[in-house]
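A short worksheet on the structure shown next.
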Amino acid sequence: MIRCVIIGLLGVAMLAKPDIFWKLECFFRTKSGQPSLWYFRMLRAGGVVFVAAAVLMMLYLQLFS
(Lines give C-alpha, C1' and ligand atoms only; values in the text may rest on other atoms or scores of the structure.)
Protein backbone atom coordinates (compact mmCIF):
# COMPACT_ATOMS: atom_id res chain seq x y z
CA MET A 1 0.00 0.00 0.00
CA ILE A 2 2.86 2.38 0.79
CA ARG A 3 4.35 1.70 -2.65
CA CYS A 4 1.09 2.73 -4.30
CA VAL A 5 1.10 6.05 -2.45
CA ILE A 6 4.75 6.72 -3.31
CA ILE A 7 4.20 5.91 -6.99
CA GLY A 8 1.07 8.08 -7.04
CA LEU A 9 2.85 11.03 -5.43
CA LEU A 10 5.74 10.68 -7.84
CA GLY A 11 3.31 10.67 -10.76
CA VAL A 12 1.53 13.79 -9.49
CA ALA A 13 4.88 15.52 -9.04
CA MET A 14 5.86 14.59 -12.59
CA LEU A 15 2.62 16.12 -13.86
CA ALA A 16 2.78 19.27 -11.77
CA LYS A 17 6.49 20.19 -11.78
CA PRO A 18 8.48 18.49 -14.55
CA ASP A 19 11.14 21.21 -14.39
CA ILE A 20 12.22 19.99 -10.94
CA PHE A 21 12.91 16.52 -12.34
CA TRP A 22 14.96 18.05 -15.16
CA LYS A 23 17.03 20.02 -12.63
CA LEU A 24 17.62 16.88 -10.56
CA GLU A 25 18.62 14.88 -13.62
CA CYS A 26 20.84 17.45 -15.35
CA PHE A 27 22.14 19.47 -12.41
CA PHE A 28 25.79 18.49 -12.88
CA ARG A 29 25.80 18.17 -16.67
CA THR A 30 24.54 21.59 -17.79
CA LYS A 31 24.93 25.09 -16.44
CA SER A 32 22.22 27.17 -18.08
CA GLY A 33 20.52 24.84 -20.52
CA GLN A 34 16.78 24.43 -20.80
CA PRO A 35 14.76 21.26 -21.33
CA SER A 36 12.88 20.85 -24.57
CA LEU A 37 9.13 20.82 -24.93
CA TRP A 38 9.42 17.14 -25.90
CA TYR A 39 11.06 16.38 -22.56
CA PHE A 40 8.24 18.06 -20.66
CA ARG A 41 5.59 16.21 -22.65
CA MET A 42 7.23 12.83 -22.16
CA LEU A 43 7.75 13.43 -18.45
CA ARG A 44 4.10 14.39 -18.05
CA ALA A 45 3.07 11.29 -20.00
CA GLY A 46 5.18 9.25 -17.60
CA GLY A 47 3.40 10.98 -14.72
CA VAL A 48 0.04 9.91 -16.13
CA VAL A 49 1.30 6.33 -16.37
CA PHE A 50 2.55 6.41 -12.77
CA VAL A 51 -0.75 7.77 -11.43
CA ALA A 52 -2.72 5.18 -13.42
CA ALA A 53 -0.44 2.39 -12.18
CA ALA A 54 -0.87 3.52 -8.58
CA VAL A 55 -4.65 3.59 -8.90
CA LEU A 56 -4.72 0.16 -10.53
CA MET A 57 -2.41 -1.29 -7.88
CA MET A 58 -4.62 0.09 -5.11
CA LEU A 59 -7.73 -1.36 -6.74
CA TYR A 60 -6.03 -4.71 -7.16
CA LEU A 61 -4.93 -4.76 -3.53
CA GLN A 62 -8.42 -3.83 -2.33
CA LEU A 63 -10.19 -6.42 -4.49
CA PHE A 64 -7.85 -9.40 -4.16
CA SER A 65 -6.43 -9.06 -0.66
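In the C-alpha coordinates, each chain is lettered A, B, ... as it comes, each chain's residues begin at 1, and ligands are numbered from 1 in order of appearance.
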
Spatial neighbours of region 55-64 of chain A, max dist 8 Å, only C-alpha atoms, sep filter under 6 positions, as a ChimeraX atom specification:
/A:1,4,8

If you keep all heavy atoms, can you produce a file of those selected residues as a PDB file, in the first residue's frame?
ATOM      1  N   MET A   1       0.811  -1.190   0.000  1.00  0.00           N
ATOM      2  CA  MET A   1       0.000   0.000   0.000  1.00  0.00           C
ATOM      3  C   MET A   1       0.860   1.263   0.000  1.00  0.00           C
ATOM      4  O   MET A   1       0.523   2.220  -0.661  1.00  0.00           O
ATOM      5  CB  MET A   1      -0.923  -0.043   1.224  1.00  0.00           C
ATOM      6  CG  MET A   1      -1.920   1.076   1.232  1.00  0.00           C
ATOM      7  SD  MET A   1      -3.095   0.976  -0.101  1.00  0.00           S
ATOM      8  CE  MET A   1      -4.544   0.533   0.768  1.00  0.00           C
ATOM      9  N   CYS A   4       2.108   2.096  -3.455  1.00  0.00           N
ATOM     10  CA  CYS A   4       1.089   2.728  -4.297  1.00  0.00           C
ATOM     11  C   CYS A   4       1.056   4.233  -4.053  1.00  0.00           C
ATOM     12  O   CYS A   4       0.970   5.021  -4.997  1.00  0.00           O
ATOM     13  CB  CYS A   4      -0.287   2.136  -4.024  1.00  0.00           C
ATOM     14  SG  CYS A   4      -0.442   0.399  -4.391  1.00  0.00           S
ATOM     15  N   GLY A   8       2.071   7.056  -6.727  1.00  0.00           N
ATOM     16  CA  GLY A   8       1.074   8.077  -7.041  1.00  0.00           C
ATOM     17  C   GLY A   8       1.596   9.483  -6.819  1.00  0.00           C
ATOM     18  O   GLY A   8       1.386  10.373  -7.654  1.00  0.00           O
TER      19      GLY A   8
END

Quick one: DSSP helix (DSSP H, G or I) residues in chain A, as a VMD selection string?
chain A and resid 2 to 16 18 to 26 37 to 64

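The gap separating CA of Leu24 (chain A) from CA of Tyr39 (chain A) is 13.7 Å, in Å to one decimal.
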
I want to know what sits within 10 Å of Gln34 (chain A), based on only C-alpha atoms, with residues of the same chain fewer than 3 positions away left out; could you give that as a PyMOL selection string?
chain A and resi 19+22-23+26+30-31+37

Go ahead and write the residues just picked, N, CA, C and O atoms, as a PDB file, in the first residue's frame.
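Written file, part.pdb:
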ATOM      1  N   ASP A  19       9.857  20.502 -14.386  1.00  0.00           N
ATOM      2  CA  ASP A  19      11.139  21.213 -14.389  1.00  0.00           C
ATOM      3  C   ASP A  19      12.022  20.813 -13.210  1.00  0.00           C
ATOM      4  O   ASP A  19      13.247  20.812 -13.322  1.00  0.00           O
ATOM      5  N   TRP A  22      13.886  17.740 -14.215  1.00  0.00           N
ATOM      6  CA  TRP A  22      14.960  18.049 -15.157  1.00  0.00           C
ATOM      7  C   TRP A  22      16.166  18.599 -14.404  1.00  0.00           C
ATOM      8  O   TRP A  22      17.306  18.238 -14.681  1.00  0.00           O
ATOM      9  N   LYS A  23      15.917  19.464 -13.417  1.00  0.00           N
ATOM     10  CA  LYS A  23      17.029  20.017 -12.629  1.00  0.00           C
ATOM     11  C   LYS A  23      17.748  18.921 -11.851  1.00  0.00           C
ATOM     12  O   LYS A  23      18.972  18.925 -11.760  1.00  0.00           O
ATOM     13  N   CYS A  26      19.779  16.793 -14.581  1.00  0.00           N
ATOM     14  CA  CYS A  26      20.842  17.450 -15.350  1.00  0.00           C
ATOM     15  C   CYS A  26      21.584  18.507 -14.547  1.00  0.00           C
ATOM     16  O   CYS A  26      22.229  19.384 -15.125  1.00  0.00           O
ATOM     17  N   THR A  30      24.729  20.334 -17.076  1.00  0.00           N
ATOM     18  CA  THR A  30      24.544  21.593 -17.791  1.00  0.00           C
ATOM     19  C   THR A  30      24.529  22.752 -16.811  1.00  0.00           C
ATOM     20  O   THR A  30      24.123  22.610 -15.671  1.00  0.00           O
ATOM     21  N   LYS A  31      24.932  23.912 -17.301  1.00  0.00           N
ATOM     22  CA  LYS A  31      24.931  25.085 -16.441  1.00  0.00           C
ATOM     23  C   LYS A  31      23.677  25.924 -16.636  1.00  0.00           C
ATOM     24  O   LYS A  31      23.011  26.274 -15.693  1.00  0.00           O
ATOM     25  N   LEU A  37      10.557  21.056 -25.094  1.00  0.00           N
ATOM     26  CA  LEU A  37       9.130  20.820 -24.934  1.00  0.00           C
ATOM     27  C   LEU A  37       8.835  19.327 -24.983  1.00  0.00           C
ATOM     28  O   LEU A  37       7.961  18.834 -24.268  1.00  0.00           O
TER      29      LEU A  37
END

Skipping near chain neighbours, those fewer than 4 positions away, what residues fall within 8 Å of Val49 (chain A) using only C-alpha atoms, listed as an MDAnalysis selection string?
chainID A and resid 11 45 53

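The two atoms in question, CA of Ile6 (chain A) and CA of Gly46 (chain A), are spaced 14.5 Å apart.
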
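Minimum atom-to-atom distance to Pro35 (chain A), evaluated using only C-alpha atoms, belongs to A:Ile20 out of A:Ile20, A:Met14, A:Ala52, A:Ile2.
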
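Take CA of Phe50 (chain A) and CA of Lys17 (chain A): the distance between them is 14.4 Å.
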
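The list of residues with at least one atom within 10 Å of Leu15 (chain A), based on only C-alpha atoms and without residues fewer than 5 positions apart in the same chain, reads Leu9, Leu10, Phe40, Arg41, Leu43, Arg44, Ala45, Gly46, Gly47, Val48, Phe50 and Val51 of chain A.
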
Find the residue from A:Pro18, A:Ala54, A:Ser65, A:Ile7 that sits nearest to Met42 (chain A); use only C-alpha atoms when measuring.
A:Pro18
